[in-house]
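Student: Contents of run_31.pdb (PDB, C-alpha atoms):
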```
ATOM      1  CA  ARG A 140      -7.778  89.936 114.689  1.00  0.00           C
ATOM      2  CA  GLY A 141      -7.988  86.249 114.032  1.00  0.00           C
ATOM      3  CA  ALA A 142     -10.285  86.656 111.064  1.00  0.00           C
ATOM      4  CA  SER A 143      -7.337  88.247 109.275  1.00  0.00           C
ATOM      5  CA  ASP A 144      -5.757  84.804 109.152  1.00  0.00           C
ATOM      6  CA  VAL A 145      -8.848  83.576 107.333  1.00  0.00           C
ATOM      7  CA  THR A 146      -8.501  86.488 104.894  1.00  0.00           C
ATOM      8  CA  TYR A 147      -4.843  85.682 104.210  1.00  0.00           C
ATOM      9  CA  ALA A 148      -5.579  82.001 103.702  1.00  0.00           C
ATOM     10  CA  LEU A 149      -8.532  82.459 101.372  1.00  0.00           C
ATOM     11  CA  VAL A 150      -7.099  85.345  99.349  1.00  0.00           C
ATOM     12  CA  SER A 151      -3.598  83.913  99.008  1.00  0.00           C
ATOM     13  CA  SER A 152      -4.262  80.207  98.761  1.00  0.00           C
ATOM     14  CA  CYS A 153      -7.457  79.928  96.745  1.00  0.00           C
ATOM     15  CA  THR A 154      -8.276  80.808  93.203  1.00  0.00           C
ATOM     16  CA  PRO A 155     -10.900  83.563  93.048  1.00  0.00           C
ATOM     17  CA  ALA A 156     -13.544  81.031  91.994  1.00  0.00           C
ATOM     18  CA  VAL A 157     -12.822  78.739  94.944  1.00  0.00           C
ATOM     19  CA  ARG A 158     -12.701  81.684  97.361  1.00  0.00           C
ATOM     20  CA  ARG A 159     -16.017  83.033  96.112  1.00  0.00           C
ATOM     21  CA  ALA A 160     -17.669  79.639  96.411  1.00  0.00           C
ATOM     22  CA  SER A 161     -16.386  78.874  99.904  1.00  0.00           C
ATOM     23  CA  GLU A 162     -15.689  82.074 101.823  1.00  0.00           C
ATOM     24  CA  ALA A 163     -19.141  82.559 103.375  1.00  0.00           C
ATOM     25  CA  GLU A 164     -19.176  78.981 104.647  1.00  0.00           C
ATOM     26  CA  LEU A 165     -15.580  79.054 105.880  1.00  0.00           C
ATOM     27  CA  VAL A 166     -15.939  82.370 107.696  1.00  0.00           C
ATOM     28  CA  GLY A 167     -19.106  80.987 109.297  1.00  0.00           C
ATOM     29  CA  ARG A 168     -17.313  77.804 110.340  1.00  0.00           C
ATOM     30  CA  TYR A 169     -14.443  79.841 111.738  1.00  0.00           C
ATOM     31  CA  HIS A 170     -16.911  81.852 113.818  1.00  0.00           C
ATOM     32  CA  GLN A 171     -18.629  78.675 115.033  1.00  0.00           C
ATOM     33  CA  ALA A 172     -15.269  77.272 116.118  1.00  0.00           C
ATOM     34  CA  LEU A 173     -14.571  80.421 118.121  1.00  0.00           C
ATOM     35  CA  CYS A 174     -17.931  80.142 119.849  1.00  0.00           C
ATOM     36  CA  ARG A 175     -17.400  76.456 120.640  1.00  0.00           C
ATOM     37  CA  ARG A 176     -14.126  77.410 122.288  1.00  0.00           C
ATOM     38  CA  GLY A 177     -15.799  79.944 124.555  1.00  0.00           C
ATOM     39  CA  VAL A 178     -15.564  83.235 122.662  1.00  0.00           C
ATOM     40  CA  THR A 179     -18.539  85.435 123.551  1.00  0.00           C
ATOM     41  CA  GLY A 180     -19.637  88.895 122.499  1.00  0.00           C
ATOM     42  CA  TYR A 181     -18.277  88.410 118.997  1.00  0.00           C
ATOM     43  CA  GLY A 182     -21.099  87.885 116.527  1.00  0.00           C
ATOM     44  CA  LEU A 183     -20.985  86.443 113.051  1.00  0.00           C
ATOM     45  CA  GLU A 184     -21.357  89.930 111.554  1.00  0.00           C
ATOM     46  CA  ASP A 185     -18.344  91.090 113.602  1.00  0.00           C
ATOM     47  CA  CYS A 186     -16.383  88.161 112.240  1.00  0.00           C
ATOM     48  CA  ARG A 187     -17.450  88.901 108.665  1.00  0.00           C
ATOM     49  CA  ARG A 188     -16.464  92.544 109.107  1.00  0.00           C
ATOM     50  CA  ASP A 189     -13.056  91.541 110.474  1.00  0.00           C
ATOM     51  CA  TYR A 190     -12.622  89.130 107.575  1.00  0.00           C
ATOM     52  CA  LEU A 191     -13.132  92.033 105.167  1.00  0.00           C
ATOM     53  CA  ARG A 192     -10.903  94.341 107.198  1.00  0.00           C
ATOM     54  CA  GLY A 193      -8.178  91.728 107.095  1.00  0.00           C
ATOM     55  CA  VAL A 194      -7.555  92.628 103.492  1.00  0.00           C
ATOM     56  CA  ALA A 195      -5.823  95.841 104.641  1.00  0.00           C
ATOM     57  CA  GLY A 196      -3.020  93.798 106.169  1.00  0.00           C
ATOM     58  CA  LYS A 197      -2.947  91.582 103.110  1.00  0.00           C
ATOM     59  CA  VAL A 198      -2.478  94.624 100.871  1.00  0.00           C
ATOM     60  CA  VAL A 199       0.455  95.804 102.987  1.00  0.00           C
ATOM     61  CA  MET A 200       2.091  92.371 102.984  1.00  0.00           C
ATOM     62  CA  THR A 201       1.661  91.973  99.235  1.00  0.00           C
ATOM     63  CA  VAL A 202       3.223  95.373  98.544  1.00  0.00           C
ATOM     64  CA  VAL A 203       6.121  94.745 100.946  1.00  0.00           C
ATOM     65  CA  ALA A 204       6.771  91.307  99.474  1.00  0.00           C
ATOM     66  CA  THR A 205       6.636  92.658  95.937  1.00  0.00           C
ATOM     67  CA  VAL A 206       8.939  95.602  96.599  1.00  0.00           C
ATOM     68  CA  LEU A 207      11.399  94.323  99.200  1.00  0.00           C
ATOM     69  CA  PHE A 208      11.784  90.582  98.680  1.00  0.00           C
ATOM     70  CA  ASP A 209      13.927  88.873  96.095  1.00  0.00           C
ATOM     71  CA  ASN A 210      11.659  88.451  93.093  1.00  0.00           C
ATOM     72  CA  ALA A 211      14.345  88.014  90.481  1.00  0.00           C
ATOM     73  CA  SER A 212      13.448  84.529  89.296  1.00  0.00           C
ATOM     74  CA  ASP A 213      10.629  83.800  86.891  1.00  0.00           C
ATOM     75  CA  HIS A 214       9.081  81.496  89.500  1.00  0.00           C
ATOM     76  CA  LYS A 215       9.021  84.176  92.205  1.00  0.00           C
ATOM     77  CA  ARG A 216       7.644  86.800  89.831  1.00  0.00           C
ATOM     78  CA  ALA A 217       4.887  84.408  88.781  1.00  0.00           C
ATOM     79  CA  TRP A 218       4.091  83.684  92.429  1.00  0.00           C
ATOM     80  CA  ARG A 219       3.908  87.407  93.242  1.00  0.00           C
ATOM     81  CA  ARG A 220       1.737  88.023  90.159  1.00  0.00           C
ATOM     82  CA  THR A 221      -0.677  85.278  91.202  1.00  0.00           C
ATOM     83  CA  ASP A 222      -0.843  86.663  94.743  1.00  0.00           C
ATOM     84  CA  LEU A 223      -1.515  90.170  93.426  1.00  0.00           C
ATOM     85  CA  ASP A 224      -4.141  88.932  90.945  1.00  0.00           C
ATOM     86  CA  ARG A 225      -5.981  87.102  93.725  1.00  0.00           C
ATOM     87  CA  LEU A 226      -5.873  90.176  95.942  1.00  0.00           C
ATOM     88  CA  LEU A 227      -7.156  92.426  93.162  1.00  0.00           C
ATOM     89  CA  SER A 228      -9.962  89.950  92.512  1.00  0.00           C
ATOM     90  CA  PHE A 229     -10.993  90.075  96.182  1.00  0.00           C
ATOM     91  CA  LEU A 230     -11.037  93.887  96.056  1.00  0.00           C
ATOM     92  CA  ALA A 231     -12.939  93.990  92.774  1.00  0.00           C
ATOM     93  CA  ASP A 232     -15.545  91.555  94.107  1.00  0.00           C
ATOM     94  CA  ARG A 233     -16.303  94.110  96.813  1.00  0.00           C
ATOM     95  CA  GLY A 234     -16.119  97.201  94.620  1.00  0.00           C
ATOM     96  CA  ILE A 235     -12.982  98.404  96.407  1.00  0.00           C
ATOM     97  CA  GLY A 236     -10.716 100.482  94.226  1.00  0.00           C
ATOM     98  CA  PRO A 237      -8.975 103.850  94.093  1.00  0.00           C
ATOM     99  CA  ALA A 238     -12.325 105.711  94.046  1.00  0.00           C
ATOM    100  CA  THR A 239     -13.183 104.083  97.400  1.00  0.00           C
ATOM    101  CA  PHE A 240     -10.513 106.175  99.068  1.00  0.00           C
ATOM    102  CA  ALA A 241     -10.939 109.415  97.114  1.00  0.00           C
TER     103      ALA A 241
END
```
Go ahead and express the file in the form of structure tokens.
Tutor:
Amino acid sequence: RGASDVTYALVSSCTPAVRRASEAELVGRYHQALCRRGVTGYGLEDCRRDYLRGVAGKVVMTVVATVLFDNASDHKRAWRRTDLDRLLSFLADRGIGPATFA
């Protein structure tokens, strides 16, 4: 779903503080843009839900990138650490953790 792209962008590219301050507005603007372009039957709550669901794909990509890609340099390890920290912040903000899936 397209809202997954919004998830990737906000979780990966923004500090947690910036994401928290802007995500509601940006998801709303994304939904408005869809509607202006003729999308029907897809409400704002559907879009918000898909935004949250998009984190599942982000988790998979972060794990794959951390395990399979070349992360030997200090720069790449720092980049992966930042990406993981931002993802964990997103999950913590929503109370998603190991107990969620138990």
Student: Using only C-alpha atoms, find the one residue out of A:Pro237, A:Ala204, A:Thr154, A:Phe229 that sits nearest to Arg192 in chain A.
Tutor: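 Comparing A:Pro237, A:Ala204, A:Thr154, A:Phe229 against Arg192 in chain A, the winner is A:Phe229.
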Student: Select, from A:Ala217, A:Val203, A:Ile235, A:Cys186, the residue with the minimum atom-to-atom distance to Thr146 in chain A, counting all atoms listed in the file.
Tutor: A:Cys186
Student: For each of A:Arg159, A:Gly167, A:Gly196, A:Thr205, take the minimum atom-to-atom distance to Gly182 in chain A, counting all atoms listed in the file, then give the residue where this is smallest.
Tutor: A:Gly167
Student: Can you list, as a ChimeraX atom specification, every protein, DNA or RNA residue that comes within 8 Å of Leu226 in chain A when you count all atoms listed in the file, leaving out same-chain residues fewer than 3 positions away?
Tutor: /A:150-151,197-198,222-223,229-230
Student: How about saving the chosen residues, C-alpha atoms kept, as a PDB file, keeping the file's coordinate frame?
Tutor:
```
ATOM      1  CA  VAL A 150      -7.099  85.345  99.349  1.00  0.00           C
ATOM      2  CA  SER A 151      -3.598  83.913  99.008  1.00  0.00           C
ATOM      3  CA  LYS A 197      -2.947  91.582 103.110  1.00  0.00           C
ATOM      4  CA  VAL A 198      -2.478  94.624 100.871  1.00  0.00           C
ATOM      5  CA  ASP A 222      -0.843  86.663  94.743  1.00  0.00           C
ATOM      6  CA  LEU A 223      -1.515  90.170  93.426  1.00  0.00           C
ATOM      7  CA  PHE A 229     -10.993  90.075  96.182  1.00  0.00           C
ATOM      8  CA  LEU A 230     -11.037  93.887  96.056  1.00  0.00           C
TER       9      LEU A 230
END
```
Student: Listed atoms of range 141-157 of chain A, axis-aligned box, 4 Å per side: centre and edge lengths to one decimal in Å, as JSON?
Tutor:
```
{"center_x": -8.6, "center_y": 83.5, "center_z": 103.0, "size_x": 17.9, "size_y": 17.5, "size_z": 30.0}
```
Student: Enter the distance from CA of Asp189 in chain A to CA of Ala142 in chain A, in Å, rounded to one decimal.
Tutor: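 Separating CA of Asp189 in chain A from CA of Ala142 in chain A is a distance of 5.6 Å.
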Student: For a quick check of understanding, using only C-alpha atoms, which of A:Val178, A:Ala238, A:Arg225, A:Glu184 has the smallest distance to Ala148 in chain A?
Tutor: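 The closest residue to Ala148 in chain A is A:Arg225.
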Student: Can you turn the PyMOL selection byres ((chain A and resi 187) around 12) into a concrete residue list for this file, as a PyMOL selection string?
Tutor: chain A and resi 140-143+145-146+162-170+181-186+188-194
Student: When you draw a straight line from CA of Met200 in chain A to CA of Leu173 in chain A, how long is it in Å?
Tutor: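 Going from CA of Met200 in chain A over to CA of Leu173 in chain A covers 25.5 Å.
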Student: Could you tell me how far CA of Asp232 in chain A sits from CA of Gln171 in chain A, in Å to one decimal place?
Tutor: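 Atom-to-atom, CA of Gln171 in chain A to CA of Asp232 in chain A, that is 24.8 Å.
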